[in-house]
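**Q** Quick one: the structure is below, and I'll ask about it shortly.
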Amino acid sequence: MTLDVLYFAWLRERIGQPRERVETAATTVRDLIADLAARDDWHAAAFSDLSAIRCAVDQQLADLDSPLADAREVAFFPPMTGG
Amino acid sequence: MTLDVLYFAWLRERIGQPRERVETAATTVRDLIADLAARDDWHAAAFSDLSAIRCAVDQQLADLDSPLADAREVAFFPPMTGG
Amino acid sequence: MSARVHSAPFDLAAELAGFGSGAGAIVTFTGVVRDDTGALAALEIEHYPGMTERALSDYGRQAAERFALTDWRIVHRHGRLPVGDQIMMVATAARHRHAAFQAADYLMDWLKSRAPFWKREIGHDGAARWVDAKASDEDALARW
Amino acid sequence: MSARVHSAPFDLAAELAGFGSGAGAIVTFTGVVRDDTGALAALEIEHYPGMTERALSDYGRQAAERFALTDWRIVHRHGRLPVGDQIMMVATAARHRHAAFQAADYLMDWLKSRAPFWKREIGHDGAARWVDAKASDEDALARW
């Protein structure tokens with residue numbers, strides 16, 4: 001499966017790019033994180049503390065255990081600070 | 001003691017005037033009401049249900065048992081409906 | 001930090017120009033004459049000149065102290081207000097949003113039940129009816 | 001009934017022109033860039049284009065249904081916002097005041113913790129620091 005993976009805020013800074021296209025066999029968000037963390041030290045560092053990570057699948061907030069199913073776009077970011 | 005007594009809303013309508021000057025020996029609001037209610041049928045009717053009456057002494061909200069002391073102005077009115 | 005009572009309309013935008021400088025959170029409440037039944041033409045609002053200004057200023061100062069407001073404003077109209085007209089507004093400014101929300105809510109509770117205003121509904125047929133105070137407004141005040 | 005995200009300033013008065021027609025109660029909340037220490041120059045707000053608009057519209061619709069709103073509006077800015085600038089606003093209109101207050105408070109709780117915005121503080125010295133989410137904001141959301 002081909003996914004667009006997006007990063008925001010300090011995740012974007014640590015990984016060094018705002019988005020990347022990823023080929024993966026992951027079936028859940030958590031699996032996808034494992035794939036990404038294995039890519040290089042920057043990815044590994046960015047995903048080292050999962051309690052600090054939030055995600056969205058196809059622009060809907062999701063859990064780490066959410067299925068990827070037919071997802072096109074997955075985003076990772078720190079807890080939101082709007083308002 | 002000479003007092004200006006003011007009436008608002010339906011109390012004003014029932015008594016038929018917005019204010020009157022009153023000579024009284026009353027020492028509390030409740031005593032003053034007794035004096036006023038004895039004046040005529042309109043006053044008596046207006047003060048027939050004390051649970052529906054609120055008052056202010058010198059423009060400060062007061063209880064029926066508040067002392068009149070050196071008061072100059074006492075106002076009677078129904079429960080307020082501001083906002 | 002001011003309270004005003006007058007019959008003329010007010011302009012929320014003008015009231016908020018320069019309001020709450022330095023605050024992080026500004027809350028406004030605006031009350032509007034609402035017609036639920038199609039029978040209402042206007043509200044007529046009577047008040048107690050002199051006491052009204054004093055009461056509103058007192059409540060504003062109490063809210064400012066209790067919720068550490070950096071600014072507050074109360075404007076309340078009296079007289080005949082047709083359906084759709086603004087009746088009154090409060091604005092509160094504080095460092096944080098919960099204080100600003102709570103202070104506006106607090107002021108509304110005091111204004112509803114402890115400010116010397118009396119509303120009368122005027123129907124399209126000319127009939128006039130004094131609005132009864134609501135037990136729920138009295139209950140709301142007891143929260144504080 | 002609308003949600004907007006843009007970098008340009010907004011004008012509360014213009015946002016409220018014609019807002020909430022037929023409502024009895026209108027509440028607004030405005031968030032302003034606040035400098036508590038004298039060291040802050042600006043906030044930089046990053047967001048997730050596409051998702052942001054969708055999330056704000058969803059939260060507005062949820063609030064409208066839950067609190068029977070007659071109107072609602074959300075405006076949120078992104079980009080660099082100097083101290084004193086307005087960050088965002090919500091406006092809610094309902095028949096009664098408690099619904100309007102609660103809906104504005106509800107929307108703020110959702111915006112704080114569930115809308116894809118991230119704030120960074122920029123000091124006068126140029127230093128940048130991501131703002132941490134507050135546990136109290138998460139707790140506030142759990143009220144609903």
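In the structure tokens, each chain is lettered A, B, ... as it comes, each chain's residues begin at 1, and ligands are numbered from 1 in order of appearance.
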Could you give me, as a PyMOL selection string, the residues within 9 Å of D:Gly50, counting only C-alpha atoms and dropping anything in the same chain fewer than 4 positions from it?
**A** (chain A and resi 59) or (chain D and resi 54-55)
**Q** Mind dumping the selected residues with all heavy atoms as a PDB file, in the first residue's frame?
**A**
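selection_0.pdb, freshly written:
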```pdb
ATOM      1  N   GLN A  59      -7.438  12.385   7.603  1.00  0.00           N
ATOM      2  CA  GLN A  59      -7.898  13.639   8.197  1.00  0.00           C
ATOM      3  C   GLN A  59      -8.970  13.470   9.266  1.00  0.00           C
ATOM      4  O   GLN A  59      -9.688  14.431   9.589  1.00  0.00           O
ATOM      5  CB  GLN A  59      -8.359  14.621   7.096  1.00  0.00           C
ATOM      6  CG  GLN A  59      -7.265  14.868   6.062  1.00  0.00           C
ATOM      7  CD  GLN A  59      -7.547  16.041   5.147  1.00  0.00           C
ATOM      8  OE1 GLN A  59      -8.624  16.609   5.167  1.00  0.00           O
ATOM      9  NE2 GLN A  59      -6.556  16.406   4.345  1.00  0.00           N
TER      10      GLN A  59
ATOM     11  N   ARG D  54     -12.261  20.710   8.157  1.00  0.00           N
ATOM     12  CA  ARG D  54     -13.184  19.603   8.374  1.00  0.00           C
ATOM     13  C   ARG D  54     -13.487  19.434   9.859  1.00  0.00           C
ATOM     14  O   ARG D  54     -14.655  19.281  10.259  1.00  0.00           O
ATOM     15  CB  ARG D  54     -12.547  18.327   7.822  1.00  0.00           C
ATOM     16  CG  ARG D  54     -13.328  17.073   8.070  1.00  0.00           C
ATOM     17  CD  ARG D  54     -12.559  15.852   7.610  1.00  0.00           C
ATOM     18  NE  ARG D  54     -12.346  15.870   6.158  1.00  0.00           N
ATOM     19  CZ  ARG D  54     -12.134  14.773   5.434  1.00  0.00           C
ATOM     20  NH1 ARG D  54     -12.080  13.590   6.017  1.00  0.00           N
ATOM     21  NH2 ARG D  54     -11.953  14.857   4.151  1.00  0.00           N
ATOM     22  N   ALA D  55     -12.440  19.483  10.689  1.00  0.00           N
ATOM     23  CA  ALA D  55     -12.627  19.282  12.127  1.00  0.00           C
ATOM     24  C   ALA D  55     -13.474  20.413  12.720  1.00  0.00           C
ATOM     25  O   ALA D  55     -14.407  20.183  13.492  1.00  0.00           O
ATOM     26  CB  ALA D  55     -11.268  19.203  12.835  1.00  0.00           C
TER      27      ALA D  55
END
```
**Q** Give me, as a ChimeraX atom specification, all polymer residues having an atom no more than 8 Å from B:Ser66, counting only C-alpha atoms and skipping those fewer than 4 positions away in the same chain.
**A** /B:28-30,62
**Q** How would the residues just picked look written out with N, CA, C and O atoms as a short mmCIF file (atom, residue, chain, number, x, y, z; two decimals), in the first residue's frame?
**A**
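The result, written out as result-v2.cif:
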```cif
data_model
loop_
_atom_site.label_atom_id
_atom_site.label_comp_id
_atom_site.auth_asym_id
_atom_site.auth_seq_id
_atom_site.Cartn_x
_atom_site.Cartn_y
_atom_site.Cartn_z
N THR B 28 -38.71 49.45 60.61
CA THR B 28 -38.24 48.45 59.65
C THR B 28 -39.09 48.55 58.39
O THR B 28 -40.16 49.17 58.37
N VAL B 29 -38.60 47.90 57.33
CA VAL B 29 -39.35 47.87 56.08
C VAL B 29 -40.72 47.26 56.31
O VAL B 29 -41.74 47.74 55.82
N ARG B 30 -40.76 46.19 57.09
CA ARG B 30 -42.03 45.50 57.34
C ARG B 30 -43.05 46.43 58.03
O ARG B 30 -44.23 46.44 57.67
N ALA B 62 -32.67 45.24 50.03
CA ALA B 62 -32.86 45.04 51.47
C ALA B 62 -33.89 43.95 51.71
O ALA B 62 -34.61 43.54 50.79
#
```
**Q** Do you have, as a tab-separated table, the list of residues of chain A lying at most 7 Å from chain D, each with its nearest atom pair and that distance in Å to one decimal, counting only C-alpha atoms and ordered by chain then number?
**A**
```
residue	atom	partner	partner_atom	distance
A:Ala9	CA	D:Trp118	CA	6.3
A:Gln59	CA	D:Met51	CA	4.9
A:Pro79	CA	D:Ala133	CA	5.9
A:Met80	CA	D:Ser113	CA	5.2
A:Thr81	CA	D:Trp118	CA	5.0
A:Gly82	CA	D:Lys112	CA	4.3
A:Gly83	CA	D:Lys112	CA	4.8
```
**Q** Hey, can you spit out that residue selection with all heavy atoms as an mmCIF file, in the first residue's frame?
**A**
```
data_model
loop_
_atom_site.group_PDB
_atom_site.id
_atom_site.type_symbol
_atom_site.label_atom_id
_atom_site.label_comp_id
_atom_site.auth_asym_id
_atom_site.auth_seq_id
_atom_site.Cartn_x
_atom_site.Cartn_y
_atom_site.Cartn_z
ATOM 1 N N ALA A 9 4.477 20.097 13.484
ATOM 2 C CA ALA A 9 5.095 20.667 14.695
ATOM 3 C C ALA A 9 6.456 20.012 14.947
ATOM 4 O O ALA A 9 7.231 19.844 13.999
ATOM 5 C CB ALA A 9 4.139 20.572 15.883
ATOM 6 N N GLN A 59 -7.438 12.385 7.603
ATOM 7 C CA GLN A 59 -7.898 13.639 8.197
ATOM 8 C C GLN A 59 -8.970 13.470 9.266
ATOM 9 O O GLN A 59 -9.688 14.431 9.589
ATOM 10 C CB GLN A 59 -8.359 14.621 7.096
ATOM 11 C CG GLN A 59 -7.265 14.868 6.062
ATOM 12 C CD GLN A 59 -7.547 16.041 5.147
ATOM 13 O OE1 GLN A 59 -8.624 16.609 5.167
ATOM 14 N NE2 GLN A 59 -6.556 16.406 4.345
ATOM 15 N N PRO A 79 0.262 16.421 20.757
ATOM 16 C CA PRO A 79 -1.053 16.871 21.221
ATOM 17 C C PRO A 79 -1.332 18.286 20.720
ATOM 18 O O PRO A 79 -0.443 19.133 20.709
ATOM 19 C CB PRO A 79 -0.923 16.813 22.744
ATOM 20 C CG PRO A 79 0.054 15.709 22.978
ATOM 21 C CD PRO A 79 1.053 15.827 21.852
ATOM 22 N N MET A 80 -2.547 18.524 20.318
ATOM 23 C CA MET A 80 -2.918 19.779 19.665
ATOM 24 C C MET A 80 -3.042 20.910 20.686
ATOM 25 O O MET A 80 -3.395 20.696 21.837
ATOM 26 C CB MET A 80 -4.222 19.568 18.901
ATOM 27 C CG MET A 80 -4.041 18.625 17.722
ATOM 28 S SD MET A 80 -5.554 17.676 17.306
ATOM 29 C CE MET A 80 -5.380 16.278 18.444
ATOM 30 N N THR A 81 -2.757 22.113 20.231
ATOM 31 C CA THR A 81 -2.823 23.296 21.095
ATOM 32 C C THR A 81 -3.522 24.431 20.351
ATOM 33 O O THR A 81 -2.933 25.492 20.115
ATOM 34 C CB THR A 81 -1.414 23.734 21.542
ATOM 35 O OG1 THR A 81 -0.594 23.908 20.386
ATOM 36 C CG2 THR A 81 -0.768 22.700 22.443
ATOM 37 N N GLY A 82 -4.792 24.203 20.019
ATOM 38 C CA GLY A 82 -5.557 25.246 19.331
ATOM 39 C C GLY A 82 -6.189 26.209 20.318
ATOM 40 O O GLY A 82 -5.897 26.207 21.500
ATOM 41 N N GLY A 83 -7.062 27.047 19.786
ATOM 42 C CA GLY A 83 -7.857 27.948 20.604
ATOM 43 C C GLY A 83 -7.119 29.194 21.044
ATOM 44 O O GLY A 83 -5.945 29.351 20.788
#
```
**Q** Please identify every residue of chain D that has at least one atom no more than 10 Å from any atom of chain C, counting only C-alpha atoms, and report them as a tab-separated table (two decimals) with N, CA and C atoms, in the first residue's frame.
**A**
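Result went into selection.tsv, see below:
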```tsv
chain	number	residue	atom	x	y	z
D	11	ASP	N	-12.36	40.61	11.93
D	11	ASP	CA	-13.02	41.73	12.59
D	11	ASP	C	-14.28	41.19	13.27
D	12	LEU	N	-14.26	41.16	14.59
D	12	LEU	CA	-15.37	40.58	15.34
D	12	LEU	C	-16.69	41.22	14.93
D	13	ALA	N	-16.68	42.53	14.76
D	13	ALA	CA	-17.92	43.24	14.39
D	13	ALA	C	-18.44	42.73	13.05
D	14	ALA	N	-17.54	42.58	12.08
D	14	ALA	CA	-17.97	42.11	10.77
D	14	ALA	C	-18.48	40.68	10.86
D	16	LEU	N	-20.03	39.39	13.27
D	16	LEU	CA	-21.32	39.34	13.97
D	16	LEU	C	-22.44	40.06	13.22
D	17	ALA	N	-22.09	40.74	12.12
D	17	ALA	CA	-23.14	41.42	11.34
D	17	ALA	C	-24.11	40.37	10.81
D	20	GLY	N	-26.84	35.24	14.08
D	20	GLY	CA	-27.77	34.82	15.13
D	20	GLY	C	-29.13	35.46	15.05
D	21	SER	N	-29.55	35.82	13.87
D	21	SER	CA	-30.88	36.42	13.70
D	21	SER	C	-31.96	35.50	14.28
D	22	GLY	N	-32.82	36.05	15.13
D	22	GLY	CA	-33.89	35.26	15.74
D	22	GLY	C	-33.51	34.64	17.07
D	23	ALA	N	-32.22	34.72	17.44
D	23	ALA	CA	-31.78	34.15	18.72
D	23	ALA	C	-32.07	35.13	19.86
D	24	GLY	N	-32.15	34.61	21.06
D	24	GLY	CA	-32.30	35.47	22.22
D	24	GLY	C	-30.97	35.75	22.91
D	25	ALA	N	-29.98	34.89	22.65
D	25	ALA	CA	-28.72	34.96	23.39
D	25	ALA	C	-27.55	34.69	22.46
D	26	ILE	N	-26.59	35.58	22.46
D	26	ILE	CA	-25.40	35.41	21.64
D	26	ILE	C	-24.16	35.51	22.53
D	27	VAL	N	-23.31	34.50	22.45
D	27	VAL	CA	-22.06	34.50	23.22
D	27	VAL	C	-20.89	34.48	22.25
D	28	THR	N	-19.88	35.29	22.53
D	28	THR	CA	-18.66	35.22	21.74
D	28	THR	C	-17.48	34.97	22.67
D	29	PHE	N	-16.53	34.24	22.15
D	29	PHE	CA	-15.23	34.11	22.83
D	29	PHE	C	-14.16	34.52	21.84
D	30	THR	N	-13.24	35.36	22.29
D	30	THR	CA	-12.11	35.77	21.45
D	30	THR	C	-10.82	35.47	22.20
D	31	GLY	N	-9.92	34.78	21.56
D	31	GLY	CA	-8.61	34.49	22.15
D	31	GLY	C	-7.58	35.46	21.58
D	32	VAL	N	-6.74	35.99	22.45
D	32	VAL	CA	-5.79	37.04	22.09
D	32	VAL	C	-4.39	36.59	22.50
D	33	VAL	N	-3.37	36.88	21.70
D	33	VAL	CA	-1.99	36.54	22.06
D	33	VAL	C	-1.58	37.37	23.28
D	34	ARG	N	-1.25	36.68	24.35
D	34	ARG	CA	-0.99	37.32	25.63
D	34	ARG	C	0.48	37.11	26.01
D	35	ASP	N	1.09	38.14	26.52
D	35	ASP	CA	2.49	38.03	26.94
D	35	ASP	C	2.56	38.19	28.45
D	36	ASP	N	2.80	37.08	29.15
D	36	ASP	CA	2.80	37.13	30.62
D	36	ASP	C	4.16	37.56	31.18
D	83	VAL	N	2.02	39.66	19.69
D	83	VAL	CA	1.33	39.87	20.97
D	83	VAL	C	0.23	40.92	20.77
D	84	GLY	N	-0.94	40.63	21.31
D	84	GLY	CA	-2.07	41.55	21.19
D	84	GLY	C	-3.00	41.20	20.04
D	85	ASP	N	-2.54	40.38	19.10
D	85	ASP	CA	-3.40	39.99	17.97
D	85	ASP	C	-4.47	39.00	18.40
D	86	GLN	N	-5.61	39.08	17.76
D	86	GLN	CA	-6.65	38.08	17.96
D	86	GLN	C	-6.20	36.77	17.30
D	87	ILE	N	-6.38	35.65	18.02
D	87	ILE	CA	-6.02	34.33	17.51
D	87	ILE	C	-7.23	33.67	16.85
D	89	MET	N	-11.90	33.13	17.22
D	89	MET	CA	-13.16	33.45	17.88
D	89	MET	C	-14.16	32.34	17.64
D	90	VAL	N	-15.05	32.17	18.59
D	90	VAL	CA	-16.26	31.38	18.34
D	90	VAL	C	-17.43	32.28	18.72
D	91	ALA	N	-18.53	32.12	18.01
D	91	ALA	CA	-19.77	32.79	18.37
D	91	ALA	C	-20.87	31.75	18.33
D	92	THR	N	-21.76	31.81	19.32
D	92	THR	CA	-22.88	30.87	19.39
D	92	THR	C	-24.16	31.65	19.63
D	93	ALA	N	-25.23	31.22	18.99
D	93	ALA	CA	-26.53	31.87	19.16
D	93	ALA	C	-27.56	30.80	19.50
D	95	ARG	N	-31.66	30.17	21.74
D	95	ARG	CA	-32.83	30.85	22.30
D	95	ARG	C	-32.51	31.33	23.70
D	96	HIS	N	-31.83	30.49	24.48
D	96	HIS	CA	-31.58	30.85	25.88
D	96	HIS	C	-30.10	30.95	26.17
D	97	ARG	N	-29.79	31.72	27.21
D	97	ARG	CA	-28.39	32.04	27.47
D	97	ARG	C	-27.56	30.84	27.89
D	98	HIS	N	-28.13	29.92	28.68
D	98	HIS	CA	-27.28	28.83	29.16
D	98	HIS	C	-26.79	27.97	27.99
D	100	ALA	N	-26.26	29.01	24.94
D	100	ALA	CA	-25.24	29.77	24.19
D	100	ALA	C	-23.90	29.74	24.93
D	101	PHE	N	-23.94	29.93	26.26
D	101	PHE	CA	-22.71	29.87	27.05
D	101	PHE	C	-22.08	28.48	26.96
D	102	GLN	N	-22.90	27.46	27.18
D	102	GLN	CA	-22.36	26.10	27.20
D	102	GLN	C	-21.77	25.71	25.85
D	104	ALA	N	-20.45	27.66	23.59
D	104	ALA	CA	-19.16	28.35	23.36
D	104	ALA	C	-18.05	27.68	24.16
D	105	ASP	N	-18.36	27.31	25.39
D	105	ASP	CA	-17.39	26.65	26.25
D	105	ASP	C	-17.01	25.27	25.67
D	108	MET	N	-14.80	25.66	22.65
D	108	MET	CA	-13.43	26.00	23.05
D	108	MET	C	-12.68	24.77	23.54
D	140	ALA	N	-10.84	19.32	30.77
D	140	ALA	CA	-12.03	20.12	30.46
D	140	ALA	C	-12.88	19.41	29.41
```
**Q** I'd like the contact shell of C:Arg66 - 10 Å cut-off, only C-alpha atoms, skipping same-chain residues fewer than 5 positions apart - returned as a PyMOL selection string.
**A** chain C and resi 60-61+99+102-103+106
**Q** Would you kindly return, as a list in words, each protein, DNA or RNA residue with an atom no farther than 12 Å from any atom of A:Arg39, considering only C-alpha atoms and excluding same-chain residues fewer than 5 positions away?
**A** Ile15, Val22, Glu23, Thr24, Leu32, Ile33, Ala34, Ala44, Ala45, Ala46 and Phe47 of chain A
**Q** I need the residues in stretch 45-143 of chain D that are strand (DSSP E) according to DSSP; give them as JSON, numbers by chain.
**A** {"D": [45, 46, 47, 71, 72, 73, 74, 75, 76, 77, 79, 80, 81, 82, 86, 87, 88, 89, 90, 91, 92, 93, 94, 117, 118, 119, 120, 121, 122, 123, 128, 129, 130]}
**Q** Might you pull out every residue within 9 Å of A:Ala25, with only C-alpha atoms counted and same-chain residues fewer than 3 positions away left off, and present them as number ranges by chain?
**A** A: 1-2, 31-32, 35
**Q** Just write the chosen residues, N, CA, C and O atoms, as a PDB file, in the first residue's frame.
**A**
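selection.pdb was written with the following content:
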```
ATOM      1  N   MET A   1       0.849  -1.188   0.000  1.00  0.00           N
ATOM      2  CA  MET A   1       0.000   0.000   0.000  1.00  0.00           C
ATOM      3  C   MET A   1       0.891   1.246   0.000  1.00  0.00           C
ATOM      4  O   MET A   1       1.897   1.307   0.695  1.00  0.00           O
ATOM      5  N   THR A   2       0.465   2.240  -0.761  1.00  0.00           N
ATOM      6  CA  THR A   2       1.182   3.510  -0.792  1.00  0.00           C
ATOM      7  C   THR A   2       0.426   4.534   0.042  1.00  0.00           C
ATOM      8  O   THR A   2      -0.769   4.722  -0.151  1.00  0.00           O
ATOM      9  N   ASP A  31       1.492  -0.415  13.528  1.00  0.00           N
ATOM     10  CA  ASP A  31       2.399  -1.124  12.617  1.00  0.00           C
ATOM     11  C   ASP A  31       3.156  -0.142  11.724  1.00  0.00           C
ATOM     12  O   ASP A  31       4.347  -0.302  11.455  1.00  0.00           O
ATOM     13  N   LEU A  32       2.433   0.844  11.262  1.00  0.00           N
ATOM     14  CA  LEU A  32       3.055   1.848  10.392  1.00  0.00           C
ATOM     15  C   LEU A  32       4.165   2.582  11.135  1.00  0.00           C
ATOM     16  O   LEU A  32       5.243   2.853  10.585  1.00  0.00           O
ATOM     17  N   ASP A  35       7.248   0.494  11.188  1.00  0.00           N
ATOM     18  CA  ASP A  35       7.917   0.598   9.887  1.00  0.00           C
ATOM     19  C   ASP A  35       8.726   1.885   9.775  1.00  0.00           C
ATOM     20  O   ASP A  35       9.887   1.885   9.346  1.00  0.00           O
TER      21      ASP A  35
END
```
**Q** Using the chain letters and numbers from this document, which residues of chain B does DSSP assign to alpha helix (DSSP H), as a PyMOL selection string?
**A** chain B and resi 9-15+29-37+41-46
**Q** If we count only C-alpha atoms and set the cut-off at 8 Å, which residues sit around A:Cys55, ignoring sequence neighbours fewer than 4 positions away in its own chain? Please answer as a list of chain:residue names.
**A**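 In the requested format, the answer is A:Leu61, A:Ala62, A:Asp63, A:Leu64, A:Val74, A:Ala75, A:Phe76, A:Phe77.
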**Q** Considering only C-alpha atoms, can you say which of B:Leu68, B:Asp58, B:Asp40, B:Glu73 comes closest to B:Arg14?
**A**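 Looking at the shortest contact to B:Arg14, the residue is B:Asp40.
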**Q** So how far away is atom CA of D:Leu81 from atom CA of A:Gly16, in Å?
**A**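 Distance between the two atoms: 24.2 Å.
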**Q** Quick check, in Å to one decimal: how far apart do atom CA of C:Ser136 and atom CA of D:Ala94 lie?
**A**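 Atom CA of C:Ser136 sits 17.3 Å away from atom CA of D:Ala94.
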